[in-house]
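Participant: Input structure: final16.cif, which contains mmCIF, C-alpha atoms.
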```
data_model
#
loop_
_atom_site.label_atom_id
_atom_site.label_comp_id
_atom_site.auth_asym_id
_atom_site.auth_seq_id
_atom_site.Cartn_x
_atom_site.Cartn_y
_atom_site.Cartn_z
CA MET A 1 67.84 32.75 -18.35
CA THR A 2 65.76 31.69 -21.34
CA MET A 3 63.58 28.62 -21.26
CA LYS A 4 65.02 25.59 -23.05
CA LYS A 5 63.43 24.68 -26.39
CA LYS A 6 62.46 21.19 -25.18
CA THR A 7 60.72 22.64 -22.13
CA LYS A 8 58.79 25.06 -24.34
CA ILE A 9 57.61 22.21 -26.54
CA VAL A 10 56.41 20.20 -23.53
CA ILE A 11 54.50 23.15 -22.03
CA THR A 12 52.97 23.99 -25.39
CA SER A 13 51.87 20.38 -25.78
CA TYR A 14 50.19 20.45 -22.35
CA VAL A 15 48.41 23.74 -23.16
CA LEU A 16 47.18 22.42 -26.50
CA ALA A 17 46.01 19.21 -24.86
CA ALA A 18 44.18 21.19 -22.20
CA LEU A 19 42.54 23.43 -24.80
CA THR A 20 41.54 20.39 -26.83
CA ALA A 21 40.04 18.76 -23.74
CA MET A 22 38.19 21.96 -22.85
CA GLY A 23 36.88 22.19 -26.38
CA GLY A 24 35.69 18.61 -26.20
CA LEU A 25 33.95 19.29 -22.91
CA ALA A 26 32.31 22.39 -24.34
CA LEU A 27 31.01 20.39 -27.30
CA MET A 28 29.76 17.69 -24.96
CA PHE A 29 27.98 20.21 -22.72
CA ASN A 30 26.50 22.00 -25.75
CA ALA A 31 25.23 18.70 -27.11
CA ARG A 32 23.78 17.82 -23.71
CA ALA A 33 22.14 21.26 -23.40
CA GLU A 34 20.67 20.88 -26.89
CA GLY A 35 19.33 17.49 -25.85
CA TYR A 36 17.71 18.97 -22.76
CA ARG A 37 16.20 21.80 -24.84
CA LEU A 38 14.70 19.36 -27.33
CA GLN A 39 13.39 17.23 -24.47
CA LEU A 40 11.77 20.30 -22.89
CA GLU A 41 10.19 21.34 -26.18
CA ASN A 42 8.83 17.85 -26.71
CA THR A 43 7.37 17.96 -23.19
CA TYR A 44 5.60 21.27 -23.90
CA GLN A 45 4.32 20.09 -27.27
CA HIS A 46 3.03 16.88 -25.69
CA ALA A 47 1.39 18.85 -22.84
CA PHE A 48 -0.42 21.13 -25.29
CA SER A 49 -1.59 18.19 -27.34
CA GLU A 50 -2.85 16.50 -24.16
CA LEU A 51 -4.65 19.70 -23.10
CA VAL A 52 -6.49 19.88 -26.43
CA THR A 53 -7.42 16.19 -26.28
CA ASN A 54 -8.54 16.27 -22.66
CA VAL A 55 -10.70 19.37 -23.08
CA SER A 56 -12.31 17.74 -26.13
CA ASP A 57 -12.97 14.64 -24.03
CA LEU A 58 -14.36 16.88 -21.27
CA ASP A 59 -16.71 18.44 -23.82
CA ASN A 60 -17.91 15.01 -24.96
CA ALA A 61 -18.40 13.72 -21.42
CA LEU A 62 -20.39 16.81 -20.38
CA GLN A 63 -22.70 16.29 -23.37
CA LYS A 64 -23.35 12.72 -22.19
CA THR A 65 -24.41 13.92 -18.73
CA LEU A 66 -27.37 15.75 -20.28
CA TYR A 67 -28.97 12.53 -21.46
CA ALA A 68 -28.26 10.09 -18.62
CA GLY A 69 -31.56 8.51 -17.61
CA THR A 70 -30.58 6.65 -14.45
CA PRO A 71 -28.51 7.50 -11.36
CA SER A 72 -25.96 4.81 -12.24
CA MET A 73 -25.40 6.21 -15.73
CA LEU A 74 -25.30 9.79 -14.43
CA GLY A 75 -22.69 8.73 -11.87
CA SER A 76 -20.64 7.00 -14.55
CA VAL A 77 -20.51 9.93 -16.97
CA CYS A 78 -19.97 12.48 -14.17
CA THR A 79 -16.99 10.42 -13.02
CA GLU A 80 -15.76 10.53 -16.62
CA VAL A 81 -16.08 14.35 -16.60
CA TYR A 82 -14.09 14.52 -13.37
CA GLY A 83 -11.31 12.35 -14.80
CA CYS A 84 -11.07 14.47 -17.96
CA ALA A 85 -10.90 17.64 -15.86
CA LEU A 86 -8.07 16.26 -13.74
CA ALA A 87 -6.12 15.27 -16.86
CA ALA A 88 -6.68 18.70 -18.43
CA GLN A 89 -5.53 20.44 -15.22
CA TYR A 90 -2.33 18.39 -15.24
CA ALA A 91 -1.66 19.16 -18.91
CA LEU A 92 -2.23 22.88 -18.31
CA SER A 93 0.23 22.83 -15.40
CA GLU A 94 2.91 21.41 -17.71
CA MET A 95 2.65 24.29 -20.16
CA PRO A 96 5.39 26.99 -20.18
CA PHE A 97 3.20 29.60 -18.54
CA SER A 98 1.53 29.97 -15.19
CA SER A 99 -2.13 29.06 -14.86
CA TYR A 100 -2.91 32.50 -13.41
CA GLU A 101 -2.23 33.93 -16.89
CA TYR A 102 -5.18 31.83 -18.07
CA GLU A 103 -7.27 31.74 -14.94
CA ASN A 104 -10.60 31.63 -16.81
CA THR A 105 -9.59 28.43 -18.60
CA ALA A 106 -8.05 26.85 -15.52
CA GLY A 107 -10.94 27.96 -13.32
CA PHE A 108 -13.56 26.57 -15.69
CA ILE A 109 -11.87 23.18 -15.90
CA THR A 110 -11.59 22.99 -12.10
CA ARG A 111 -15.22 24.00 -11.48
CA ALA A 112 -16.59 21.65 -14.11
CA GLY A 113 -14.71 18.71 -12.61
CA ASP A 114 -15.70 19.50 -9.03
CA TYR A 115 -19.36 20.04 -9.95
CA ALA A 116 -19.43 16.68 -11.75
CA LEU A 117 -17.83 15.01 -8.73
CA MET A 118 -20.60 16.38 -6.50
CA LEU A 119 -23.26 15.00 -8.87
CA ALA A 120 -21.47 11.64 -9.03
CA LYS A 121 -21.68 11.39 -5.24
CA LYS A 122 -25.41 12.16 -5.36
CA ALA A 123 -25.87 9.55 -8.06
CA GLY A 124 -24.07 7.04 -5.85
CA ALA A 125 -26.87 7.60 -3.33
CA LYS A 126 -29.42 6.81 -6.09
CA GLU A 127 -30.33 10.48 -6.60
CA MET A 128 -30.83 12.07 -10.01
CA GLY A 129 -29.88 15.69 -10.53
CA SER A 130 -32.46 18.47 -10.25
CA GLN A 131 -33.62 20.63 -13.17
CA GLU A 132 -31.29 23.40 -11.96
CA GLU A 133 -28.34 20.99 -11.93
CA HIS A 134 -29.26 19.78 -15.43
CA ASP A 135 -29.34 23.39 -16.62
CA ASN A 136 -25.92 23.99 -15.04
CA LEU A 137 -24.52 20.95 -16.84
CA ALA A 138 -25.95 22.25 -20.12
CA SER A 139 -24.25 25.61 -19.60
CA LEU A 140 -20.95 23.93 -18.66
CA SER A 141 -21.25 21.75 -21.77
CA GLN A 142 -21.74 24.79 -24.02
CA THR A 143 -18.67 26.46 -22.51
CA ALA A 144 -16.61 23.29 -22.94
CA THR A 145 -17.62 23.10 -26.62
CA VAL A 146 -16.42 26.67 -27.22
CA LEU A 147 -13.18 26.08 -25.29
CA ALA A 148 -12.46 22.83 -27.14
CA GLY A 149 -13.07 24.61 -30.47
CA ASN A 150 -10.71 27.45 -29.54
CA LEU A 151 -7.96 25.05 -28.51
CA ASN A 152 -8.31 22.98 -31.68
CA GLN A 153 -8.19 26.17 -33.77
CA LEU A 154 -5.08 27.25 -31.88
CA ARG A 155 -3.40 23.93 -32.61
CA MET A 156 -4.05 24.44 -36.32
CA ASP A 157 -2.93 28.09 -36.20
CA VAL A 158 0.44 27.53 -34.58
CA GLY A 159 1.35 24.13 -36.02
CA MET A 160 2.61 22.60 -32.81
CA GLN A 161 4.85 20.13 -34.63
CA SER A 162 7.26 22.95 -35.53
CA MET A 163 6.74 25.31 -32.63
CA THR A 164 9.53 25.55 -30.07
CA ALA A 165 9.11 25.97 -26.32
CA ALA A 166 10.59 29.48 -26.49
CA GLN A 167 8.10 30.46 -29.21
CA LEU A 168 5.19 29.02 -27.23
CA LYS A 169 6.22 30.97 -24.13
CA SER A 170 6.59 34.09 -26.27
CA VAL A 171 3.08 33.58 -27.61
CA SER A 172 1.79 33.38 -24.05
CA GLU A 173 3.55 36.60 -23.04
CA LYS A 174 2.44 38.48 -26.15
CA ALA A 175 -1.17 37.42 -25.70
CA ALA A 176 -1.16 38.68 -22.13
CA GLU A 177 0.22 42.04 -23.33
CA LEU A 178 -2.09 42.44 -26.31
CA GLY A 179 -5.39 41.70 -24.60
CA ASP A 180 -8.23 43.18 -26.65
CA ALA A 181 -5.77 44.37 -29.29
CA ALA A 182 -5.08 40.79 -30.34
CA THR A 183 -6.59 40.06 -33.73
CA GLU A 184 -8.75 37.06 -34.48
CA GLY A 185 -7.06 34.33 -36.49
CA SER A 186 -3.54 35.14 -35.26
CA VAL A 187 -1.62 33.13 -32.70
CA GLU A 188 -1.97 35.94 -30.22
CA GLY A 189 -5.66 36.26 -30.97
CA SER A 190 -6.29 32.55 -30.44
CA PHE A 191 -4.79 32.66 -26.97
CA SER A 192 -6.49 35.94 -26.16
CA LEU A 193 -9.92 34.69 -27.21
CA MET A 194 -9.79 31.89 -24.67
CA GLU A 195 -9.49 34.44 -21.88
CA GLY A 196 -10.68 37.83 -23.10
CA GLU A 197 -13.85 36.40 -24.67
CA PHE A 198 -14.31 33.42 -22.40
CA PRO A 199 -17.98 32.35 -22.46
CA GLU A 200 -20.11 33.28 -19.47
CA THR A 201 -20.44 30.35 -17.10
CA PRO A 202 -23.23 29.75 -14.58
CA SER A 203 -22.98 30.74 -10.93
CA LEU A 204 -22.76 27.27 -9.46
CA ILE A 205 -24.38 27.08 -6.03
CA TYR A 206 -23.65 23.64 -4.62
CA ASP A 207 -21.92 21.92 -1.74
CA GLY A 208 -18.37 22.20 -2.99
CA PRO A 209 -15.22 24.30 -2.57
CA PHE A 210 -15.77 26.23 -5.84
CA SER A 211 -19.39 27.12 -5.24
CA SER A 212 -20.25 30.76 -5.94
CA HIS A 213 -21.80 31.20 -2.49
CA ILE A 214 -18.47 30.81 -0.67
CA ALA A 215 -17.05 34.15 -1.84
CA GLY A 216 -20.06 35.91 -0.33
CA MET A 217 -19.97 34.18 3.05
CA THR A 218 -20.03 36.40 6.11
CA PRO A 219 -18.55 35.53 9.53
CA LYS A 220 -21.52 34.26 11.53
CA MET A 221 -20.12 35.11 14.95
CA ILE A 222 -19.90 38.84 14.26
CA GLU A 223 -22.34 39.43 11.38
CA ASN A 224 -24.65 41.57 13.53
CA GLU A 225 -21.92 43.32 15.52
CA PRO A 226 -20.94 46.99 15.04
CA SER A 227 -17.54 48.01 13.73
CA VAL A 228 -14.83 49.12 16.16
CA THR A 229 -12.17 51.78 15.77
CA ALA A 230 -8.50 50.99 15.31
CA GLU A 231 -7.80 52.31 18.79
CA GLN A 232 -10.45 50.07 20.35
CA ALA A 233 -9.00 47.11 18.45
CA ARG A 234 -5.48 47.95 19.66
CA LYS A 235 -6.64 47.86 23.29
CA THR A 236 -8.40 44.54 22.65
CA ALA A 237 -5.20 43.10 21.15
CA ALA A 238 -3.12 44.20 24.14
CA ASP A 239 -5.58 42.86 26.72
CA PHE A 240 -6.03 39.55 24.91
CA MET A 241 -2.31 38.74 24.84
CA GLY A 242 -1.48 40.38 28.18
CA ILE A 243 0.82 42.98 26.62
CA ASN A 244 1.36 46.55 27.79
CA GLU A 245 -0.84 48.65 25.51
CA ARG A 246 1.99 51.13 24.84
CA LEU A 247 3.99 48.36 23.15
CA VAL A 248 1.26 47.50 20.64
CA LYS A 249 1.76 49.27 17.30
CA SER A 250 -0.47 49.44 14.22
CA ASN A 251 0.53 47.40 11.18
CA GLY A 252 -2.29 48.51 8.88
CA GLU A 253 -5.51 46.80 7.84
CA ARG A 254 -6.46 43.87 5.62
CA ALA A 255 -9.66 43.65 3.61
CA GLY A 256 -11.35 40.54 2.25
CA SER A 257 -14.13 38.32 3.57
CA LEU A 258 -12.90 38.95 7.13
CA PRO A 259 -11.50 42.52 7.38
CA VAL A 260 -9.04 42.97 10.25
CA TYR A 261 -6.84 45.52 11.97
CA MET A 262 -3.24 44.28 12.21
CA PHE A 263 -0.91 45.01 15.14
CA TYR A 264 2.51 43.98 16.38
CA ALA A 265 4.49 44.21 19.61
CA ASN A 266 8.13 43.39 20.34
CA THR A 267 7.90 41.44 23.57
CA ASP A 268 8.85 38.14 25.25
CA GLY A 269 11.92 37.70 23.05
CA GLY A 270 10.04 37.93 19.77
CA THR A 271 7.51 39.87 17.73
CA THR A 272 3.86 39.20 18.45
CA SER A 273 1.52 39.75 15.49
CA ILE A 274 -2.17 40.19 16.33
CA GLU A 275 -5.23 40.51 14.09
CA VAL A 276 -8.54 41.94 15.35
CA THR A 277 -11.73 41.97 13.29
CA VAL A 278 -13.00 45.36 12.18
CA GLN A 279 -16.56 44.20 12.79
CA GLY A 280 -17.07 43.15 16.38
CA GLY A 281 -13.46 43.71 17.50
CA VAL A 282 -12.63 40.01 18.02
CA VAL A 283 -9.09 38.63 18.07
CA VAL A 284 -8.90 36.17 15.21
CA SER A 285 -5.19 35.31 15.39
CA ALA A 286 -2.05 36.04 17.41
CA PHE A 287 1.45 34.60 17.04
CA ASN A 288 4.78 35.27 18.74
CA SER A 289 7.87 34.71 16.58
CA ARG A 290 10.28 33.64 19.32
CA ILE A 291 11.99 30.27 18.99
CA VAL A 292 11.19 27.82 21.79
CA LYS A 293 14.49 26.04 22.44
CA GLN A 294 13.54 23.39 25.00
CA SER A 295 10.68 21.37 26.49
CA VAL A 296 10.21 21.54 30.24
CA LEU A 297 6.46 21.07 30.61
CA THR A 298 4.52 17.89 29.94
CA ALA A 299 1.74 17.76 27.36
CA ASP A 300 -0.90 17.52 30.11
CA GLU A 301 0.47 20.63 31.82
CA ALA A 302 0.43 22.52 28.52
CA VAL A 303 -3.17 21.45 27.80
CA GLY A 304 -4.20 22.74 31.22
CA LEU A 305 -2.61 26.12 30.46
CA ALA A 306 -4.35 26.27 27.06
CA GLU A 307 -7.73 25.56 28.65
CA ARG A 308 -7.17 28.26 31.28
CA PHE A 309 -6.20 30.72 28.52
CA LEU A 310 -9.49 30.10 26.68
CA LYS A 311 -11.60 30.21 29.85
CA ASP A 312 -10.05 33.50 30.99
CA ARG A 313 -10.94 35.03 27.62
CA GLY A 314 -14.58 34.00 27.71
CA PHE A 315 -14.53 30.92 25.50
CA SER A 316 -16.88 28.37 27.06
CA GLY A 317 -18.02 24.98 25.86
CA MET A 318 -14.71 24.22 24.14
CA LYS A 319 -13.71 20.56 23.96
CA GLN A 320 -10.20 19.38 23.21
CA SER A 321 -10.08 17.22 20.12
CA TYR A 322 -6.47 16.56 19.08
CA GLN A 323 -3.00 17.83 19.84
CA ILE A 324 0.44 17.72 18.27
CA GLU A 325 3.90 18.72 19.50
CA ASN A 326 5.99 20.70 17.03
CA GLY A 327 9.32 22.40 17.78
CA ASN A 328 8.93 22.43 21.59
CA THR A 329 5.43 23.87 21.14
CA LEU A 330 2.19 22.01 21.84
CA ILE A 331 -0.64 22.81 19.42
CA VAL A 332 -4.01 22.02 20.98
CA ASN A 333 -7.15 21.86 18.85
CA TYR A 334 -10.52 22.75 20.39
CA ALA A 335 -14.04 22.48 19.02
CA TYR A 336 -17.17 24.10 20.40
CA THR A 337 -19.67 21.74 22.06
CA GLU A 338 -23.42 22.34 22.32
CA GLN A 339 -25.89 19.87 23.86
CA ASP A 340 -23.12 17.25 23.90
CA VAL A 341 -22.71 17.69 20.14
CA VAL A 342 -19.16 18.55 19.02
CA CYS A 343 -19.18 21.28 16.35
CA TYR A 344 -16.00 20.71 14.35
CA THR A 345 -16.84 23.81 12.31
CA ASP A 346 -16.17 26.10 15.30
CA LEU A 347 -12.45 25.48 15.75
CA ILE A 348 -9.76 27.18 17.82
CA LYS A 349 -6.05 26.32 18.00
CA VAL A 350 -3.90 27.30 20.97
CA TYR A 351 -0.08 27.13 20.80
CA VAL A 352 1.69 26.66 24.16
CA ALA A 353 5.48 27.07 24.57
CA LEU A 354 6.81 24.07 26.47
CA ASP A 355 9.70 25.99 28.02
CA ASN A 356 7.69 28.51 30.08
CA GLY A 357 4.03 27.64 29.46
CA LYS A 358 3.12 30.89 27.74
CA VAL A 359 0.60 30.92 24.91
CA ILE A 360 2.54 31.99 21.82
CA GLY A 361 -0.15 31.31 19.25
CA PHE A 362 -3.91 31.59 18.86
CA GLU A 363 -5.95 30.84 15.74
CA ALA A 364 -9.74 31.26 15.65
CA GLN A 365 -10.81 32.04 12.08
CA GLY A 366 -12.92 28.88 11.87
CA TYR A 367 -14.64 29.81 15.13
CA VAL A 368 -15.34 33.40 14.03
CA MET A 369 -16.62 32.34 10.61
CA HIS A 370 -18.97 29.60 11.85
CA HIS A 371 -19.87 30.10 15.52
CA THR A 372 -23.54 30.94 15.95
CA ALA A 373 -26.60 29.96 17.96
CA ARG A 374 -27.65 26.62 16.49
CA THR A 375 -30.73 24.50 16.64
CA ILE A 376 -29.41 20.96 16.85
CA PRO A 377 -31.81 18.75 14.85
CA GLU A 378 -33.25 15.47 16.07
CA ALA A 379 -31.32 12.42 14.91
CA THR A 380 -33.79 10.56 12.68
CA VAL A 381 -31.20 7.80 12.30
CA GLY A 382 -30.40 6.17 15.65
CA GLU A 383 -27.00 5.09 16.92
CA ASP A 384 -27.62 1.38 16.28
CA GLU A 385 -28.87 2.00 12.75
CA ALA A 386 -25.90 4.26 12.04
CA GLN A 387 -23.41 1.77 13.47
CA ALA A 388 -24.80 -0.88 11.14
CA LYS A 389 -23.35 1.21 8.26
CA ILE A 390 -19.80 0.85 9.62
CA SER A 391 -17.53 -1.49 7.66
CA PRO A 392 -17.37 -5.04 9.09
CA TYR A 393 -13.58 -4.69 8.92
CA LEU A 394 -13.68 -2.07 11.69
CA THR A 395 -14.46 -2.40 15.40
CA VAL A 396 -16.31 0.53 17.00
CA LEU A 397 -14.53 1.88 20.09
CA SER A 398 -16.62 4.95 20.93
CA HIS A 399 -19.49 7.12 19.73
CA GLN A 400 -20.58 10.75 19.96
CA MET A 401 -22.70 13.20 17.99
CA ALA A 402 -20.98 15.85 15.88
CA VAL A 403 -21.48 18.65 13.36
CA ILE A 404 -18.90 18.43 10.59
CA PRO A 405 -18.10 20.88 7.75
CA THR A 406 -18.49 20.02 4.10
CA SER A 407 -16.18 21.19 1.32
CA GLY A 408 -18.82 23.80 0.50
CA LYS A 409 -18.66 25.30 4.01
CA ASN A 410 -22.02 23.80 4.98
CA GLU A 411 -22.73 21.63 8.03
CA ILE A 412 -23.85 18.03 8.47
CA PHE A 413 -25.25 16.54 11.70
CA CYS A 414 -23.57 13.15 12.15
CA HIS A 415 -22.88 10.15 14.32
CA GLU A 416 -19.12 10.02 14.96
CA PHE A 417 -17.63 6.57 15.50
CA LYS A 418 -14.03 6.02 16.53
CA CYS A 419 -13.00 2.64 15.14
CA GLU A 420 -10.04 0.26 15.05
CA ASN A 421 -8.90 -2.21 12.42
CA THR A 422 -7.17 -5.55 12.98
CA ASP A 423 -3.73 -3.88 12.89
CA GLY A 424 -4.65 -1.51 15.72
CA SER A 425 -4.89 1.56 13.48
CA HIS A 426 -7.65 4.03 14.32
CA TYR A 427 -10.24 5.66 12.08
CA ILE A 428 -13.11 8.12 12.51
CA VAL A 429 -16.28 7.37 10.53
CA TYR A 430 -19.14 9.86 10.18
CA ILE A 431 -22.70 8.70 9.42
CA ASN A 432 -25.32 11.32 8.56
CA ALA A 433 -27.81 11.39 11.46
CA GLU A 434 -30.64 12.52 9.18
CA THR A 435 -30.12 10.40 6.06
CA GLY A 436 -27.95 7.49 7.23
CA ARG A 437 -25.39 8.21 4.50
CA GLU A 438 -21.72 7.51 5.21
CA GLU A 439 -20.27 11.01 4.89
CA LYS A 440 -16.58 10.88 5.71
CA ILE A 441 -13.73 8.63 6.90
CA LEU A 442 -10.67 10.07 8.63
CA ILE A 443 -7.43 8.34 9.53
CA LEU A 444 -5.95 9.03 12.96
CA ILE A 445 -2.18 9.51 12.83
CA GLU A 446 -0.93 8.78 16.34
CA ASP A 447 2.69 8.88 17.50
CA GLU A 448 4.83 10.24 20.33
CA THR A 449 4.23 13.84 19.20
CA GLY A 450 0.43 13.64 19.39
CA THR A 451 -2.56 12.93 17.16
CA LEU A 452 -3.62 14.27 13.77
CA THR A 453 -6.44 13.40 11.37
CA ILE A 454 -6.17 13.06 7.60
#
```
Could you write out this file's structure as C-alpha cells?
Facilitator:
Amino acid sequence: MTMKKKTKIVITSYVLAALTAMGGLALMFNARAEGYRLQLENTYQHAFSELVTNVSDLDNALQKTLYAGTPSMLGSVCTEVYGCALAAQYALSEMPFSSYEYENTAGFITRAGDYALMLAKKAGAKEMGSQEEHDNLASLSQTATVLAGNLNQLRMDVGMQSMTAAQLKSVSEKAAELGDAATEGSVEGSFSLMEGEFPETPSLIYDGPFSSHIAGMTPKMIENEPSVTAEQARKTAADFMGINERLVKSNGERAGSLPVYMFYANTDGGTTSIEVTVQGGVVVSAFNSRIVKQSVLTADEAVGLAERFLKDRGFSGMKQSYQIENGNTLIVNYAYTEQDVVCYTDLIKVYVALDNGKVIGFEAQGYVMHHTARTIPEATVGEDEAQAKISPYLTVLSHQMAVIPTSGKNEIFCHEFKCENTDGSHYIVYINAETGREEKILILIEDETGTLTI
C-alpha cells in the first residue's frame, strides 16, 4: 500500500527541519572552532612577543649586574635577572613546540636565572661576588645580548602579526629538519641560528642544581671499588632480597652517572626489579610490583621489620627520620648518623607491606652517591647563638646537629631545630654551624598516615 500524500509531506517536512537544524549546528560548531583557533593563534603570538620582551629584559638586567657596587644593589639586580628568566621560561613553554627542540635556549635561560638567584642569596648575606663570578656574569650577559638580537630579528623576519599558529609550528619543525642547511635571513635560518650557532656559555661551577660539576659527580660510596661481573651482581641481588638465585633473570644494563646491572624475578605474587651497581656490586634499588590489599601490622611493627632488614644487610648507624603510609605500605626514611650528627645526604628508604611484613621496596641511591668517611667539623657557632637566629614567632622544641644537602649536591653542617608556631604546626629550621646563616626552613606535614617534610 502506498504512503498517503499528506503523510509524505509531513515526513519530508521533518527531514528538512532536521537537516536545517543539523546545518545550523554545523555552522555553530564551525564558528566556535574558528573562534578557538583564533584564540590559540593569539595565545602563541602573545607568548612569542613575551619571550622576545623577557629575553631583552634579561639581557638588560644581566648588564646591570656587571656594575653593581654594593651587595644590596647586586642582590636587587640579580633578583631582577631571576624574575626575567622565570618569565621567559613561562613564555617559551607556551610556544607551539617543545622546549627540548630548543634546549640550548631553554637551558641558557634556566642557568642564567639560577646563577643569579645564587648570587642574590650571597648578596643578602652582605657578600659581593668574586672575580670569577663577575666574569661568569659577563659571559652570560654577552650570550643574552646575542639571543635577544636573534629573537628580535626573528620577530621582524616572520611578522608575527600575520603569522598563524600552524605556520609557527611548521617553522619550528622545518628548522629542526634543516639544521645547518638553514640559510641566514630566512625564517628557518633565524630559528636554526638560535640553536645551531648558540654562543658558547661558561661552565658554571657553583652551589646550584645546574652547576657543571653535577654531571661529573661520582658515587662516593663505591668510587674506589672494583667492578663486578653480571653473574656476581645477580647473586648479590638474589641474596639481598632473599630470592632463589635461579629465579633471578638479567634485564640488561643501564649506563649514566651510576651504571647498574638490572634484574627481575617473578616471586611473592609480583615481579621484583633489582638494580646492582656495576662498580662495587651494591644494591641501589629493589621493588616488588604486587598490590598490598590490606593492613594487618601496625606502623611500629613495620618500622621494627625495616630496621631489622637494614641491620641484617650490614647497614649500621641508620636513624629513622620520617615515615608515611601509602596504599597499605609503610615507607620509612632513614639517614646515616655519625658522631650524633644526622647526615640527611645519606638516605635510604625501606617499603614494608603491612599485610605480611615483607620488605617490598628498597631505595638507596642517595646513600650510594654520598656515603663516605667524613670529618665532622667543629661547630664554630654554638647552640645558643644559633637558636638566637630562630624567628620569635616559633618555639624551639628540640635540637640536634645535622649535615644537609644543598641544591648543588654539596653539604652544610648545621644546627637543626624542630619548632612549633602558635597554631601547633611544626617546622624544621637549619642554622649553619660554621657561619650562623639561616640555611633552610622545612614544613612538617603530619597526619594519620605519617610525616613528610616540604
Participant: I'd like to see the residues matched by the PyMOL selection byres ((chain A and resi 145) around 12) on this file, and ideally I'd get them as a tab-separated table (two decimals) with C-alpha atoms, keeping the file's coordinate frame.
Facilitator:
```
chain	number	residue	atom	x	y	z
A	52	VAL	CA	-6.49	19.88	-26.43
A	55	VAL	CA	-10.70	19.37	-23.08
A	56	SER	CA	-12.31	17.74	-26.13
A	57	ASP	CA	-12.97	14.64	-24.03
A	58	LEU	CA	-14.36	16.88	-21.27
A	59	ASP	CA	-16.71	18.44	-23.82
A	60	ASN	CA	-17.91	15.01	-24.96
A	61	ALA	CA	-18.40	13.72	-21.42
A	62	LEU	CA	-20.39	16.81	-20.38
A	63	GLN	CA	-22.70	16.29	-23.37
A	138	ALA	CA	-25.95	22.25	-20.12
A	139	SER	CA	-24.25	25.61	-19.60
A	140	LEU	CA	-20.95	23.93	-18.66
A	141	SER	CA	-21.25	21.75	-21.77
A	142	GLN	CA	-21.74	24.79	-24.02
A	143	THR	CA	-18.67	26.46	-22.51
A	144	ALA	CA	-16.61	23.29	-22.94
A	146	VAL	CA	-16.42	26.67	-27.22
A	147	LEU	CA	-13.18	26.08	-25.29
A	148	ALA	CA	-12.46	22.83	-27.14
A	149	GLY	CA	-13.07	24.61	-30.47
A	150	ASN	CA	-10.71	27.45	-29.54
A	151	LEU	CA	-7.96	25.05	-28.51
A	152	ASN	CA	-8.31	22.98	-31.68
A	194	MET	CA	-9.79	31.89	-24.67
A	198	PHE	CA	-14.31	33.42	-22.40
A	199	PRO	CA	-17.98	32.35	-22.46
```
Participant: From (-2.2, 12.7, 20.7), in the file's coordinates, out to 9 Å: which residues are reached, counting all atoms listed in the file? Answer as a list in words.
Facilitator: Tyr322, Gln323, Ile324, Glu325, Ile445, Glu446, Asp447, Glu448, Thr449, Gly450, Thr451 and Leu452 of chain A
Participant: Go ahead and save the picked residues with C-alpha atoms, as a compact mmCIF listing (two decimals), in the coordinates of the input.
Facilitator:
```txt
# COMPACT_ATOMS: atom_id res chain seq x y z
CA TYR A 322 -6.47 16.56 19.08
CA GLN A 323 -3.00 17.83 19.84
CA ILE A 324 0.44 17.72 18.27
CA GLU A 325 3.90 18.72 19.50
CA ILE A 445 -2.18 9.51 12.83
CA GLU A 446 -0.93 8.78 16.34
CA ASP A 447 2.69 8.88 17.50
CA GLU A 448 4.83 10.24 20.33
CA THR A 449 4.23 13.84 19.20
CA GLY A 450 0.43 13.64 19.39
CA THR A 451 -2.56 12.93 17.16
CA LEU A 452 -3.62 14.27 13.77
```
Participant: Would you please work out which residue, of A:Asn136, A:Asn288, A:Thr53, A:Gln153, is nearest to Phe362 of chain A when using only C-alpha atoms?
Facilitator: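 Of the candidates, the smallest distance to Phe362 of chain A is held by A:Asn288.
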Participant: What separation in Å, quoted to one decimal, exists between atom CA of Gly280 of chain A and atom CA of Ala265 of chain A?
Facilitator: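 We find that atom CA of Gly280 of chain A and atom CA of Ala265 of chain A lie 21.8 Å from each other.
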Participant: For the structure shown, which residues end up in the PyMOL selection byres ((chain A and resi 377) around 12)? Put them as a list of chain:residue names, please?
Facilitator: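 Against this file, the PyMOL selection byres ((chain A and resi 377) around 12) returns the residues A:Glu338, A:Gln339, A:Val341, A:Arg374, A:Thr375, A:Ile376, A:Glu378, A:Ala379, A:Thr380, A:Val381, A:Met401, A:Ala402, A:Val403, A:Glu411, A:Ile412, A:Phe413, A:Cys414, A:Asn432, A:Ala433, A:Glu434.
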Participant: So how far away is atom CA of Phe48 of chain A from atom CA of Arg155 of chain A, in Å?
Facilitator: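 Separation between atom CA of Arg155 of chain A and atom CA of Phe48 of chain A: 8.4 Å.
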Participant: Using only C-alpha atoms, which of the listed residues (A:Val248, A:Leu310, A:Cys78, A:Leu92) sits closest to Tyr336 of chain A?
Facilitator: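 The closest residue to Tyr336 of chain A is A:Leu310.
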Participant: Quick check, in Å to one decimal: how far apart do atom CA of Tyr367 of chain A and atom CA of Leu258 of chain A lie?
Facilitator: 12.3 Å
Participant: Could you write out as a count of residues only the residues that the PyMOL selection byres ((chain A and resi 232-236) around 9) matches in the shown file?
Facilitator: 23
Participant: Set the distance at 8 Å and use all atoms listed in the file: which residues neighbour Ala364 of chain A once local chain neighbours fewer than 2 positions away are removed? I'd like the list as a list of chain:residue names.
Facilitator: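 Result of the neighbour search: A:Val283, A:Val284, A:Ser285, A:Leu347, A:Ile348, A:Lys349, A:Phe362, A:Gly366, A:Tyr367, A:Val368.
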Participant: Store the residues picked out above in a file with C-alpha atoms, as a CSV table (one decimal), in the coordinates of the input.
Facilitator:
```csv
chain,number,residue,atom,x,y,z
A,283,VAL,CA,-9.1,38.6,18.1
A,284,VAL,CA,-8.9,36.2,15.2
A,285,SER,CA,-5.2,35.3,15.4
A,347,LEU,CA,-12.4,25.5,15.8
A,348,ILE,CA,-9.8,27.2,17.8
A,349,LYS,CA,-6.0,26.3,18.0
A,362,PHE,CA,-3.9,31.6,18.9
A,366,GLY,CA,-12.9,28.9,11.9
A,367,TYR,CA,-14.6,29.8,15.1
A,368,VAL,CA,-15.3,33.4,14.0
```
Participant: I'd like to know which of A:Gly327, A:Gly436, A:Gly361, A:Gly256 is closest to Lys389 of chain A, using all atoms listed in the file.
Facilitator: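 Using all atoms listed in the file, Lys389 of chain A sits closest to A:Gly436.
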Participant: Do a neighbour search on Thr372 of chain A at 10 Å with all atoms listed in the file, toss out local chain neighbours closer than 5 positions, and write the hits as a list of chain:residue names.
Facilitator: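 Non-adjacent residues within range: A:Pro219, A:Lys220, A:Met221, A:Ile222, A:Glu223, A:Asp346, A:Tyr367.
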